[in-house]
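What's in run-v5.cif: mmCIF, C-alpha atoms and all ligand atoms
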data_upload
loop_
_atom_site.group_PDB
_atom_site.id
_atom_site.type_symbol
_atom_site.label_atom_id
_atom_site.label_comp_id
_atom_site.auth_asym_id
_atom_site.auth_seq_id
_atom_site.Cartn_x
_atom_site.Cartn_y
_atom_site.Cartn_z
ATOM 1 C CA MET I 1130 0.000 0.000 0.000
ATOM 2 C CA LYS I 1131 1.323 3.468 -0.919
ATOM 3 C CA ASP I 1132 1.807 6.072 1.794
ATOM 4 C CA PHE I 1133 -0.965 8.589 2.465
ATOM 5 C CA THR I 1134 -2.338 10.992 5.068
ATOM 6 C CA LEU I 1135 -5.901 10.843 6.398
ATOM 7 C CA PHE I 1136 -7.277 14.055 7.887
ATOM 8 C CA ALA I 1137 -10.533 14.482 9.811
ATOM 9 C CA GLY I 1138 -12.800 17.495 9.451
ATOM 10 C CA THR I 1139 -15.024 18.369 12.384
ATOM 11 C CA ALA I 1140 -18.183 16.660 11.030
ATOM 12 C CA ASN I 1141 -17.382 13.122 12.197
ATOM 13 C CA PRO I 1142 -14.001 12.811 13.903
ATOM 14 C CA GLU I 1143 -15.117 9.532 15.527
ATOM 15 C CA LEU I 1144 -15.600 7.780 12.182
ATOM 16 C CA ALA I 1145 -12.266 9.161 10.973
ATOM 17 C CA ALA I 1146 -10.539 7.866 14.114
ATOM 18 C CA ARG I 1147 -12.187 4.443 13.712
ATOM 19 C CA THR I 1148 -11.098 4.296 10.083
ATOM 20 C CA ALA I 1149 -7.531 5.283 10.980
ATOM 21 C CA GLY I 1150 -7.658 2.604 13.709
ATOM 22 C CA GLU I 1151 -8.677 -0.011 11.133
ATOM 23 C CA LEU I 1152 -5.731 1.071 8.990
ATOM 24 C CA GLY I 1153 -3.361 1.111 11.967
ATOM 25 C CA MET I 1154 -2.267 4.685 11.298
ATOM 26 C CA PRO I 1155 -2.648 8.027 13.083
ATOM 27 C CA LEU I 1156 -4.811 10.834 11.722
ATOM 28 C CA GLY I 1157 -3.040 13.753 10.091
ATOM 29 C CA GLU I 1158 -2.509 16.733 12.373
ATOM 30 C CA CYS I 1159 -4.391 19.933 11.667
ATOM 31 C CA ALA I 1160 -5.978 22.862 13.471
ATOM 32 C CA ILE I 1161 -9.557 23.831 12.587
ATOM 33 C CA GLU I 1162 -10.827 26.998 14.204
ATOM 34 C CA ARG I 1163 -13.844 29.258 13.987
ATOM 35 C CA PHE I 1164 -13.301 33.003 14.035
ATOM 36 C CA PRO I 1165 -15.752 35.063 16.125
ATOM 37 C CA ASP I 1166 -17.625 36.061 12.953
ATOM 38 C CA GLY I 1167 -18.145 32.395 12.001
ATOM 39 C CA GLU I 1168 -15.419 32.129 9.366
ATOM 40 C CA ILE I 1169 -13.468 28.863 9.368
ATOM 41 C CA SER I 1170 -9.701 28.533 9.432
ATOM 42 C CA VAL I 1171 -7.861 25.297 8.589
ATOM 43 C CA ARG I 1172 -4.121 24.857 9.122
ATOM 44 C CA LEU I 1173 -2.221 21.655 8.359
ATOM 45 C CA LEU I 1174 0.300 20.883 11.078
ATOM 46 C CA GLU I 1175 2.336 18.488 8.948
ATOM 47 C CA THR I 1176 3.673 18.479 5.414
ATOM 48 C CA VAL I 1177 1.565 17.038 2.593
ATOM 49 C CA ARG I 1178 3.899 18.018 -0.243
ATOM 50 C CA ARG I 1179 3.345 15.548 -3.107
ATOM 51 C CA ARG I 1180 1.471 13.191 -0.776
ATOM 52 C CA GLU I 1181 -1.833 11.425 -1.323
ATOM 53 C CA VAL I 1182 -4.277 13.149 1.012
ATOM 54 C CA PHE I 1183 -7.707 11.969 2.197
ATOM 55 C CA ILE I 1184 -10.069 14.352 3.997
ATOM 56 C CA MET I 1185 -12.996 12.774 5.827
ATOM 57 C CA GLN I 1186 -15.976 15.099 6.094
ATOM 58 C CA PRO I 1187 -19.637 14.065 5.732
ATOM 59 C CA ILE I 1188 -21.847 16.960 4.644
ATOM 60 C CA ALA I 1189 -24.179 16.424 7.577
ATOM 61 C CA PRO I 1190 -26.136 19.026 9.556
ATOM 62 C CA PRO I 1191 -25.245 21.851 9.850
ATOM 63 C CA VAL I 1192 -24.657 21.175 6.155
ATOM 64 C CA ASN I 1193 -23.470 24.617 5.074
ATOM 65 C CA GLU I 1194 -20.808 24.703 7.800
ATOM 66 C CA ARG I 1195 -19.594 21.211 6.921
ATOM 67 C CA LEU I 1196 -19.487 21.890 3.207
ATOM 68 C CA VAL I 1197 -17.552 25.140 3.498
ATOM 69 C CA GLU I 1198 -15.118 23.526 5.923
ATOM 70 C CA LEU I 1199 -14.430 20.761 3.403
ATOM 71 C CA LEU I 1200 -13.806 23.324 0.663
ATOM 72 C CA ILE I 1201 -11.446 25.305 2.898
ATOM 73 C CA PHE I 1202 -9.670 22.121 3.989
ATOM 74 C CA THR I 1203 -9.121 21.174 0.353
ATOM 75 C CA ASP I 1204 -7.804 24.634 -0.434
ATOM 76 C CA ALA I 1205 -5.291 24.328 2.413
ATOM 77 C CA CYS I 1206 -4.105 20.957 1.047
ATOM 78 C CA ARG I 1207 -3.850 22.214 -2.527
ATOM 79 C CA ARG I 1208 -1.848 25.276 -1.507
ATOM 80 C CA ALA I 1209 0.432 22.999 0.529
ATOM 81 C CA ALA I 1210 1.177 21.116 -2.734
ATOM 82 C CA ALA I 1211 -0.606 17.851 -1.894
ATOM 83 C CA GLY I 1212 -0.194 15.252 -4.642
ATOM 84 C CA ARG I 1213 -3.803 14.082 -4.978
ATOM 85 C CA ILE I 1214 -6.739 15.095 -2.787
ATOM 86 C CA THR I 1215 -9.571 12.649 -2.115
ATOM 87 C CA ALA I 1216 -12.660 13.806 -0.235
ATOM 88 C CA ILE I 1217 -14.228 11.000 1.794
ATOM 89 C CA VAL I 1218 -17.793 12.227 2.141
ATOM 90 C CA PRO I 1219 -19.656 9.301 3.743
ATOM 91 C CA TYR I 1220 -22.904 11.286 3.606
ATOM 92 C CA LEU I 1221 -23.201 13.632 0.644
ATOM 93 C CA GLY I 1222 -25.593 16.352 1.768
ATOM 94 C CA TYR I 1223 -27.296 18.448 -0.918
ATOM 95 C CA ALA I 1224 -27.545 15.310 -3.103
ATOM 96 C CA ARG I 1225 -31.329 15.004 -2.830
ATOM 97 C CA SER I 1226 -31.826 17.909 -5.199
ATOM 98 C CA ASP I 1227 -30.699 16.124 -8.366
ATOM 99 C CA LYS I 1228 -33.298 17.365 -10.851
ATOM 100 C CA ARG I 1229 -35.573 20.326 -11.401
ATOM 101 C CA HIS I 1230 -39.239 19.907 -10.555
ATOM 102 C CA GLY I 1231 -40.122 23.407 -11.679
ATOM 103 C CA ARG I 1232 -38.508 25.914 -13.980
ATOM 104 C CA ARG I 1233 -36.613 28.114 -11.540
ATOM 105 C CA GLU I 1234 -34.838 25.727 -9.178
ATOM 106 C CA ALA I 1235 -31.223 24.842 -8.448
ATOM 107 C CA ILE I 1236 -29.792 21.352 -8.869
ATOM 108 C CA THR I 1237 -27.578 21.355 -5.806
ATOM 109 C CA ALA I 1238 -26.066 17.914 -6.469
ATOM 110 C CA SER I 1239 -24.652 19.250 -9.728
ATOM 111 C CA MET I 1240 -23.497 22.481 -8.096
ATOM 112 C CA LEU I 1241 -21.686 20.410 -5.463
ATOM 113 C CA ALA I 1242 -19.761 18.571 -8.182
ATOM 114 C CA ASP I 1243 -18.681 21.914 -9.685
ATOM 115 C CA LEU I 1244 -17.587 23.229 -6.291
ATOM 116 C CA PHE I 1245 -15.532 20.108 -5.545
ATOM 117 C CA LYS I 1246 -13.729 20.392 -8.861
ATOM 118 C CA ALA I 1247 -13.159 24.136 -8.492
ATOM 119 C CA VAL I 1248 -11.375 23.835 -5.132
ATOM 120 C CA GLY I 1249 -9.152 20.982 -6.314
ATOM 121 C CA ILE I 1250 -10.782 17.756 -5.098
ATOM 122 C CA ASP I 1251 -9.461 15.021 -7.413
ATOM 123 C CA HIS I 1252 -11.515 12.050 -6.266
ATOM 124 C CA VAL I 1253 -14.605 11.421 -4.108
ATOM 125 C CA VAL I 1254 -15.398 8.420 -1.921
ATOM 126 C CA THR I 1255 -18.948 8.286 -0.582
ATOM 127 C CA VAL I 1256 -21.428 5.774 0.850
ATOM 128 C CA ASP I 1257 -24.880 4.993 -0.564
ATOM 129 C CA LEU I 1258 -25.393 8.004 -2.809
ATOM 130 C CA HIS I 1259 -29.013 9.159 -2.775
ATOM 131 C CA ALA I 1260 -29.280 8.227 -6.463
ATOM 132 C CA PRO I 1261 -26.567 6.478 -8.520
ATOM 133 C CA GLN I 1262 -26.901 8.921 -11.423
ATOM 134 C CA ILE I 1263 -25.574 11.762 -9.216
ATOM 135 C CA GLU I 1264 -22.139 10.388 -10.045
ATOM 136 C CA GLY I 1265 -22.750 11.701 -13.575
ATOM 137 C CA PHE I 1266 -22.546 15.318 -12.361
ATOM 138 C CA PHE I 1267 -18.900 14.782 -11.434
ATOM 139 C CA HIS I 1268 -16.027 14.921 -13.899
ATOM 140 C CA ILE I 1269 -13.662 13.331 -11.379
ATOM 141 C CA PRO I 1270 -13.723 9.708 -10.174
ATOM 142 C CA VAL I 1271 -16.449 8.913 -7.622
ATOM 143 C CA ASP I 1272 -16.350 5.683 -5.656
ATOM 144 C CA SER I 1273 -19.783 5.149 -4.169
ATOM 145 C CA LEU I 1274 -19.478 2.419 -1.557
ATOM 146 C CA THR I 1275 -22.527 0.648 -0.225
ATOM 147 C CA ALA I 1276 -23.369 -0.228 3.356
ATOM 148 C CA VAL I 1277 -25.956 -2.803 2.258
ATOM 149 C CA PRO I 1278 -23.760 -5.889 2.931
ATOM 150 C CA THR I 1279 -22.610 -4.432 6.280
ATOM 151 C CA LEU I 1280 -26.183 -3.738 7.401
ATOM 152 C CA CYS I 1281 -27.433 -7.102 6.114
ATOM 153 C CA LYS I 1282 -24.863 -8.828 8.272
ATOM 154 C CA ALA I 1283 -26.017 -6.738 11.261
ATOM 155 C CA VAL I 1284 -29.720 -7.617 10.890
ATOM 156 C CA HIS I 1285 -29.111 -11.228 9.975
ATOM 157 C CA GLY I 1286 -30.706 -13.446 12.623
ATOM 158 C CA GLN I 1287 -32.536 -10.490 14.218
ATOM 159 C CA LEU I 1288 -35.490 -10.398 11.844
ATOM 160 C CA PRO I 1289 -38.831 -12.130 12.481
ATOM 161 C CA GLU I 1290 -39.818 -15.140 10.396
ATOM 162 C CA GLY I 1291 -41.430 -14.255 7.050
ATOM 163 C CA VAL I 1292 -40.266 -10.635 7.003
ATOM 164 C CA VAL I 1293 -40.772 -8.590 3.809
ATOM 165 C CA VAL I 1294 -38.613 -5.653 2.752
ATOM 166 C CA VAL I 1295 -40.453 -2.360 2.262
ATOM 167 C CA ALA I 1296 -39.298 0.461 -0.026
ATOM 168 C CA PRO I 1297 -40.925 3.615 1.422
ATOM 169 C CA ASP I 1298 -40.807 5.358 -1.966
ATOM 170 C CA ALA I 1299 -39.920 4.673 -5.572
ATOM 171 C CA GLY I 1300 -36.372 5.974 -5.040
ATOM 172 C CA ALA I 1301 -35.709 3.236 -2.476
ATOM 173 C CA VAL I 1302 -36.788 0.315 -4.699
ATOM 174 C CA ARG I 1303 -33.301 -0.459 -5.998
ATOM 175 C CA MET I 1304 -31.825 -0.604 -2.499
ATOM 176 C CA ALA I 1305 -34.827 -2.561 -1.147
ATOM 177 C CA THR I 1306 -34.442 -5.100 -3.947
ATOM 178 C CA GLU I 1307 -30.794 -5.578 -3.027
ATOM 179 C CA TYR I 1308 -31.712 -6.164 0.640
ATOM 180 C CA ALA I 1309 -34.511 -8.552 -0.312
ATOM 181 C CA HIS I 1310 -32.181 -10.481 -2.579
ATOM 182 C CA ARG I 1311 -29.565 -10.832 0.141
ATOM 183 C CA LEU I 1312 -32.139 -11.714 2.810
ATOM 184 C CA GLY I 1313 -34.048 -14.114 0.557
ATOM 185 C CA THR I 1314 -37.417 -12.351 0.694
ATOM 186 C CA SER I 1315 -39.671 -10.111 -1.398
ATOM 187 C CA VAL I 1316 -40.223 -6.353 -1.775
ATOM 188 C CA ILE I 1317 -43.272 -4.194 -1.047
ATOM 189 C CA VAL I 1318 -43.314 -0.727 -2.616
ATOM 190 C CA LEU I 1319 -44.992 2.367 -1.244
ATOM 191 C CA HIS I 1320 -45.626 5.364 -3.459
ATOM 192 C CA LYS I 1321 -44.836 8.558 -1.615
ATOM 193 C CA ARG I 1322 -45.672 12.127 -2.478
ATOM 194 C CA ARG I 1323 -43.617 14.824 -0.761
ATOM 195 C CA GLU I 1324 -45.912 17.676 0.219
ATOM 196 C CA SER I 1325 -43.190 19.773 1.902
ATOM 197 C CA GLY I 1326 -39.747 19.371 3.493
ATOM 198 C CA THR I 1327 -41.391 17.894 6.589
ATOM 199 C CA SER I 1328 -44.519 16.227 5.286
ATOM 200 C CA THR I 1329 -45.051 13.258 2.970
ATOM 201 C CA ARG I 1330 -48.091 11.185 1.991
ATOM 202 C CA VAL I 1331 -48.206 7.564 0.892
ATOM 203 C CA THR I 1332 -50.612 7.263 -2.008
ATOM 204 C CA ARG I 1333 -50.335 3.572 -2.850
ATOM 205 C CA LEU I 1334 -49.018 0.249 -1.524
ATOM 206 C CA VAL I 1335 -47.909 -2.374 -4.036
ATOM 207 C CA GLY I 1336 -47.842 -5.917 -2.643
ATOM 208 C CA ASP I 1337 -49.461 -7.813 0.221
ATOM 209 C CA VAL I 1338 -48.275 -7.221 3.790
ATOM 210 C CA ARG I 1339 -51.126 -8.947 5.619
ATOM 211 C CA ASP I 1340 -49.769 -10.863 8.642
ATOM 212 C CA ARG I 1341 -46.180 -10.134 7.640
ATOM 213 C CA ALA I 1342 -43.411 -8.507 9.655
ATOM 214 C CA CYS I 1343 -41.758 -5.625 7.777
ATOM 215 C CA LEU I 1344 -38.237 -4.330 7.311
ATOM 216 C CA ILE I 1345 -38.449 -0.737 6.035
ATOM 217 C CA VAL I 1346 -35.231 0.308 4.276
ATOM 218 C CA ASP I 1347 -34.161 3.747 3.069
ATOM 219 C CA ASP I 1348 -30.950 5.593 2.291
ATOM 220 C CA MET I 1349 -31.563 8.122 5.067
ATOM 221 C CA ILE I 1350 -33.746 9.100 7.983
ATOM 222 C CA SER I 1351 -33.988 12.850 8.257
ATOM 223 C CA THR I 1352 -37.121 14.084 10.062
ATOM 224 C CA GLY I 1353 -38.464 10.522 10.283
ATOM 225 C CA GLY I 1354 -41.631 11.595 8.421
ATOM 226 C CA THR I 1355 -41.238 9.118 5.562
ATOM 227 C CA ILE I 1356 -40.806 6.160 7.913
ATOM 228 C CA ALA I 1357 -43.600 7.268 10.276
ATOM 229 C CA GLU I 1358 -46.069 7.563 7.395
ATOM 230 C CA SER I 1359 -44.939 4.171 6.060
ATOM 231 C CA ILE I 1360 -45.529 2.505 9.439
ATOM 232 C CA GLU I 1361 -49.122 3.784 9.569
ATOM 233 C CA VAL I 1362 -49.880 2.627 6.035
ATOM 234 C CA LEU I 1363 -48.350 -0.827 6.607
ATOM 235 C CA LEU I 1364 -50.307 -1.374 9.825
ATOM 236 C CA GLN I 1365 -53.545 -0.226 8.164
ATOM 237 C CA ALA I 1366 -52.860 -2.753 5.395
ATOM 238 C CA GLY I 1367 -52.661 -5.556 7.979
ATOM 239 C CA ALA I 1368 -48.917 -5.870 8.608
ATOM 240 C CA LEU I 1369 -47.873 -7.378 11.939
ATOM 241 C CA PRO I 1370 -46.814 -4.823 14.572
ATOM 242 C CA GLU I 1371 -43.260 -6.117 14.187
ATOM 243 C CA ILE I 1372 -41.384 -3.502 12.239
ATOM 244 C CA THR I 1373 -37.628 -3.092 11.796
ATOM 245 C CA ILE I 1374 -36.203 0.098 10.332
ATOM 246 C CA LEU I 1375 -32.898 0.273 8.524
ATOM 247 C CA ALA I 1376 -31.155 3.213 6.857
ATOM 248 C CA THR I 1377 -27.577 4.027 5.928
ATOM 249 C CA HIS I 1378 -27.597 7.670 7.025
ATOM 250 C CA GLY I 1379 -29.203 8.537 10.355
ATOM 251 C CA LEU I 1380 -29.530 12.308 10.309
ATOM 252 C CA MET I 1381 -32.096 11.986 13.093
ATOM 253 C CA LEU I 1382 -33.231 15.597 13.099
ATOM 254 C CA LYS I 1383 -35.302 16.988 15.955
ATOM 255 C CA GLY I 1384 -38.466 14.934 16.412
ATOM 256 C CA ALA I 1385 -37.247 11.907 14.416
ATOM 257 C CA ARG I 1386 -36.759 9.772 17.498
ATOM 258 C CA ASP I 1387 -40.321 10.456 18.686
ATOM 259 C CA LYS I 1388 -41.683 9.540 15.262
ATOM 260 C CA LEU I 1389 -39.749 6.258 15.189
ATOM 261 C CA SER I 1390 -40.564 5.318 18.786
ATOM 262 C CA HIS I 1391 -43.804 3.678 17.659
ATOM 263 C CA SER I 1392 -45.020 0.688 19.677
ATOM 264 C CA SER I 1393 -44.717 -1.558 16.604
ATOM 265 C CA VAL I 1394 -41.037 -0.705 15.975
ATOM 266 C CA ARG I 1395 -38.710 -3.409 17.271
ATOM 267 C CA ASN I 1396 -35.323 -2.100 16.155
ATOM 268 C CA VAL I 1397 -33.735 0.718 14.191
ATOM 269 C CA PHE I 1398 -30.420 0.090 12.396
ATOM 270 C CA ILE I 1399 -28.272 2.888 10.972
ATOM 271 C CA THR I 1400 -24.561 3.380 10.276
ATOM 272 C CA ASP I 1401 -22.138 5.935 11.676
ATOM 273 C CA THR I 1402 -21.740 7.964 8.449
ATOM 274 C CA ILE I 1403 -23.203 10.815 10.507
ATOM 275 C CA LEU I 1404 -22.041 11.594 14.025
ATOM 276 C CA LEU I 1405 -24.925 10.665 16.284
ATOM 277 C CA THR I 1406 -25.981 12.729 19.269
ATOM 278 C CA GLU I 1407 -28.794 10.332 20.268
ATOM 279 C CA LYS I 1408 -27.782 8.413 23.370
ATOM 280 C CA ASP I 1409 -29.714 5.937 25.581
ATOM 281 C CA TRP I 1410 -32.043 4.714 22.829
ATOM 282 C CA SER I 1411 -32.026 0.974 23.364
ATOM 283 C CA GLN I 1412 -33.738 0.124 20.044
ATOM 284 C CA LEU I 1413 -31.142 2.025 18.030
ATOM 285 C CA HIS I 1414 -28.187 0.034 16.691
ATOM 286 C CA VAL I 1415 -25.343 1.964 15.064
ATOM 287 C CA ILE I 1416 -23.160 -0.142 12.779
ATOM 288 C CA SER I 1417 -19.793 1.291 11.809
ATOM 289 C CA VAL I 1418 -18.778 1.728 8.184
ATOM 290 C CA ALA I 1419 -15.158 2.309 9.250
ATOM 291 C CA PRO I 1420 -14.091 -1.224 8.173
ATOM 292 C CA LEU I 1421 -15.747 -0.651 4.779
ATOM 293 C CA ILE I 1422 -14.064 2.731 4.222
ATOM 294 C CA ALA I 1423 -10.710 1.404 5.455
ATOM 295 C CA ALA I 1424 -10.932 -1.558 3.076
ATOM 296 C CA ALA I 1425 -11.731 0.826 0.195
ATOM 297 C CA LEU I 1426 -8.761 3.066 1.051
ATOM 298 C CA LYS I 1427 -6.464 0.030 1.140
ATOM 299 C CA ARG I 1428 -7.616 -0.875 -2.331
ATOM 300 C CA LEU I 1429 -7.318 2.685 -3.635
ATOM 301 C CA MET I 1430 -3.781 2.931 -2.324
ATOM 302 C CA GLY I 1431 -2.852 -0.510 -3.518
ATOM 303 C CA ASP I 1432 -4.515 0.019 -6.893
ATOM 304 C CA GLY I 1433 -6.975 -2.773 -6.119
ATOM 305 C CA SER I 1434 -10.585 -3.186 -7.166
ATOM 306 C CA ILE I 1435 -13.355 -1.560 -5.127
ATOM 307 C CA SER I 1436 -16.109 -3.697 -6.659
ATOM 308 C CA ASP I 1437 -14.497 -6.798 -5.129
ATOM 309 C CA LEU I 1438 -15.625 -5.408 -1.765
ATOM 310 C CA PHE I 1439 -19.263 -6.173 -2.516
HETATM 311 C C1 LIG Y 1 -36.062 10.679 -0.021
HETATM 312 O O1 LIG Y 1 -36.023 10.590 -1.248
HETATM 313 C C2 LIG Y 1 -35.105 9.941 0.852
HETATM 314 O O2 LIG Y 1 -34.726 8.724 0.309
HETATM 315 C C3 LIG Y 1 -35.681 9.723 2.230
HETATM 316 O O3 LIG Y 1 -36.835 8.929 2.119
HETATM 317 C C4 LIG Y 1 -36.057 11.016 2.896
HETATM 318 O O4 LIG Y 1 -35.107 11.996 2.633
HETATM 319 C C5 LIG Y 1 -36.199 10.850 4.389
HETATM 320 O O5 LIG Y 1 -36.529 12.089 4.930
HETATM 321 P P1 LIG Y 1 -37.513 12.200 6.166
HETATM 322 O O6 LIG Y 1 -36.980 11.312 7.246
HETATM 323 O O7 LIG Y 1 -37.450 13.662 6.548
HETATM 324 O O8 LIG Y 1 -38.869 11.809 5.704
#

Please express the file's structure as structure tokens.
Amino acid sequence: MKDFTLFAGTANPELAARTAGELGMPLGECAIERFPDGEISVRLLETVRRREVFIMQPIAPPVNERLVELLIFTDACRRAAAGRITAIVPYLGYARSDKRHGRREAITASMLADLFKAVGIDHVVTVDLHAPQIEGFFHIPVDSLTAVPTLCKAVHGQLPEGVVVVAPDAGAVRMATEYAHRLGTSVIVLHKRRESGTSTRVTRLVGDVRDRACLIVDDMISTGGTIAESIEVLLQAGALPEITILATHGLMLKGARDKLSHSSVRNVFITDTILLTEKDWSQLHVISVAPLIAAALKRLMGDGSISDLF
């Protein structure tokens, strides 16, 4: 494996430390400070001249802060003559806006790709992109890892007999199909209409959930609205009150925990792509993606294949 330096931004230092631990190396030294007016300052405390540099920074809430910090971090590395700069963005915020619904809207996922390129990011590593086609906005390599095998292993043996996988909206069907395939079961699809940033409505259920336990899978839980609405619809359709929830990115915004603490919910599984502030929630299981990211970095630095990981 070639030599490289892994730096941690402030968004998820725990995941960065776990990843460095998996690789048996220390994190790069840097100083990240906030000026009284809110501006961010990044200083590298070690040389990166001609080195391969990895910066770990999910664009998680507060997303604008995290994004700007990543851009500033990259600028510091570029000006310090780093050889190649890879942004490890386990959760790519701003990716949900990947098309225009009306005539006068931004496509933030595309804008993000332009910003990354402009500051000098050469390569992106991410986990479970909101939609695979987002990769097409980038003109630099993007390695989108998936936490599906990691989460499947975690739920294996913890699911009730006869469980079905539920996609809470059309966008989740691909991921749900992958889970169902790995778990040897079938997929139920809900059709969701987003009425606002905080409210959604399920308009249709495709499949039969009568007397079945359900595993609802999604790429992320933000306000918890999508999952809460799905639970109601599944129970009304006759599903057993034995529901497991699984998502790669647990943003868990204010109120999400209350929405998911439904009497029919047995367990909630998420990964640590986003630093979690929720403590003492016995149903919540956080599975680390550090081994997955570390394995990917080993392959990138040894010129190995990433697809072999899955
Ligand atoms: C939407 O397309 C996503 O896949 C998630 O379903 C959604 O972002 C979750 O958000 P919330 O928890 O606020 O409903």

Hey, which residues come within 9 Å of ligand LIG 1 (chain Y) if we count all atoms listed in the file? Could you give them as an NGL selection string?
-> :I and (1225 or 1259-1260 or 1297-1301 or 1321 or 1323 or 1326-1329 or 1347-1358 or 1379-1382 or 1385)

How close does each residue of segment 1398-1431 of chain I get to segment 1270-1289 of chain I, giving the shortest atom pair and distance in Å to one decimal for every residue with an atom at most 10 Å away, counting only C-alpha atoms, sorted by chain and residue number, as CSV?
residue,atom,partner,partner_atom,distance
I:Phe1398,CA,I:Leu1280,CA,7.6
I:Ile1399,CA,I:Leu1280,CA,7.8
I:Thr1400,CA,I:Leu1280,CA,7.8
I:Thr1402,CA,I:Ala1276,CA,9.8
I:His1414,CA,I:Ala1283,CA,8.9
I:Val1415,CA,I:Ala1283,CA,9.5
I:Ile1416,CA,I:Leu1280,CA,7.1
I:Ser1417,CA,I:Thr1279,CA,8.4
I:Val1418,CA,I:Ala1276,CA,6.9
I:Pro1420,CA,I:Thr1279,CA,9.3
I:Leu1421,CA,I:Ala1276,CA,7.8
I:Ile1422,CA,I:Leu1274,CA,7.9
I:Ala1425,CA,I:Leu1274,CA,8.1
I:Leu1429,CA,I:Asp1272,CA,9.7

May I ask which of the residues I:Ala1296, I:Arg1386, I:Leu1405, I:Thr1332 is the closest one to Pro1190 of chain I, counting all atoms listed in the file?
-> I:Leu1405

Would you kindly translate the PyMOL selection byres (((chain I and resi 1248) around 8) and not hetatm) into the concrete residues it picks from this file, as a PyMOL selection string?
-> chain I and resi 1200+1203-1204+1244-1247+1249-1250

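This file gives the following result for the PyMOL selection byres (((chain I and resi 1178) around 12) and not hetatm): Phe1133, Thr1134, Leu1173, Glu1175, Thr1176, Val1177, Arg1179, Arg1180, Glu1181, Val1182, Ala1205, Cys1206, Arg1207, Arg1208, Ala1209, Ala1210, Ala1211, Gly1212, Arg1213 and Ile1214 of chain I.
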
Residues from last step as file, C-alpha atoms, as a tab-separated table (two decimals), in the coordinates of the input:
chain	number	residue	atom	x	y	z
I	1133	PHE	CA	-0.96	8.59	2.46
I	1134	THR	CA	-2.34	10.99	5.07
I	1173	LEU	CA	-2.22	21.66	8.36
I	1175	GLU	CA	2.34	18.49	8.95
I	1176	THR	CA	3.67	18.48	5.41
I	1177	VAL	CA	1.56	17.04	2.59
I	1179	ARG	CA	3.34	15.55	-3.11
I	1180	ARG	CA	1.47	13.19	-0.78
I	1181	GLU	CA	-1.83	11.42	-1.32
I	1182	VAL	CA	-4.28	13.15	1.01
I	1205	ALA	CA	-5.29	24.33	2.41
I	1206	CYS	CA	-4.11	20.96	1.05
I	1207	ARG	CA	-3.85	22.21	-2.53
I	1208	ARG	CA	-1.85	25.28	-1.51
I	1209	ALA	CA	0.43	23.00	0.53
I	1210	ALA	CA	1.18	21.12	-2.73
I	1211	ALA	CA	-0.61	17.85	-1.89
I	1212	GLY	CA	-0.19	15.25	-4.64
I	1213	ARG	CA	-3.80	14.08	-4.98
I	1214	ILE	CA	-6.74	15.10	-2.79

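Take atom CA of Pro1191 of chain I and atom CA of Tyr1220 of chain I: the distance between them is 12.5 Å.
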
Among I:Val1293, I:Ala1309, I:Ser1390, I:Gly1138, Glu1158 of chain I is approached most closely, using all atoms listed in the file, by I:Gly1138

Would you place a box with edges along x, y and z of the file around all atoms of segment 1170-1185 of chain I listed there, add 4 Å to each of its six sides, and report the centre and edge lengths in Å to one decimal, as lines of an AutoDock Vina configuration file?
center_x = -4.5
center_y = 20.0
center_z = 4.0
size_x = 24.9
size_y = 25.1
size_z = 22.2

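Pairwise distance (atom CA of Thr1255 of chain I, atom CA of Arg1303 of chain I) equals 17.7 Å.
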
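Atom CA of Val1218 of chain I sits 23.5 Å away from atom CA of Ile1374 of chain I.
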
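With only C-alpha atoms taken into account, the protein and nucleic acid residues at most 12 Å from Met1154 of chain I (excluding it and anything under 6 positions from it in its own chain) are Asp1132, Phe1133, Thr1134, Leu1135, Phe1136, Ala1145, Ala1146, Arg1147, Thr1148, Ala1423 and Lys1427 of chain I.
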
Neighbours of Ile1372 of chain I within 8 Å (all atoms listed in the file; same-chain residues fewer than 2 positions away dropped), as a PyMOL selection string?
-> chain I and resi 1342-1345+1360+1369-1370+1374+1393-1396
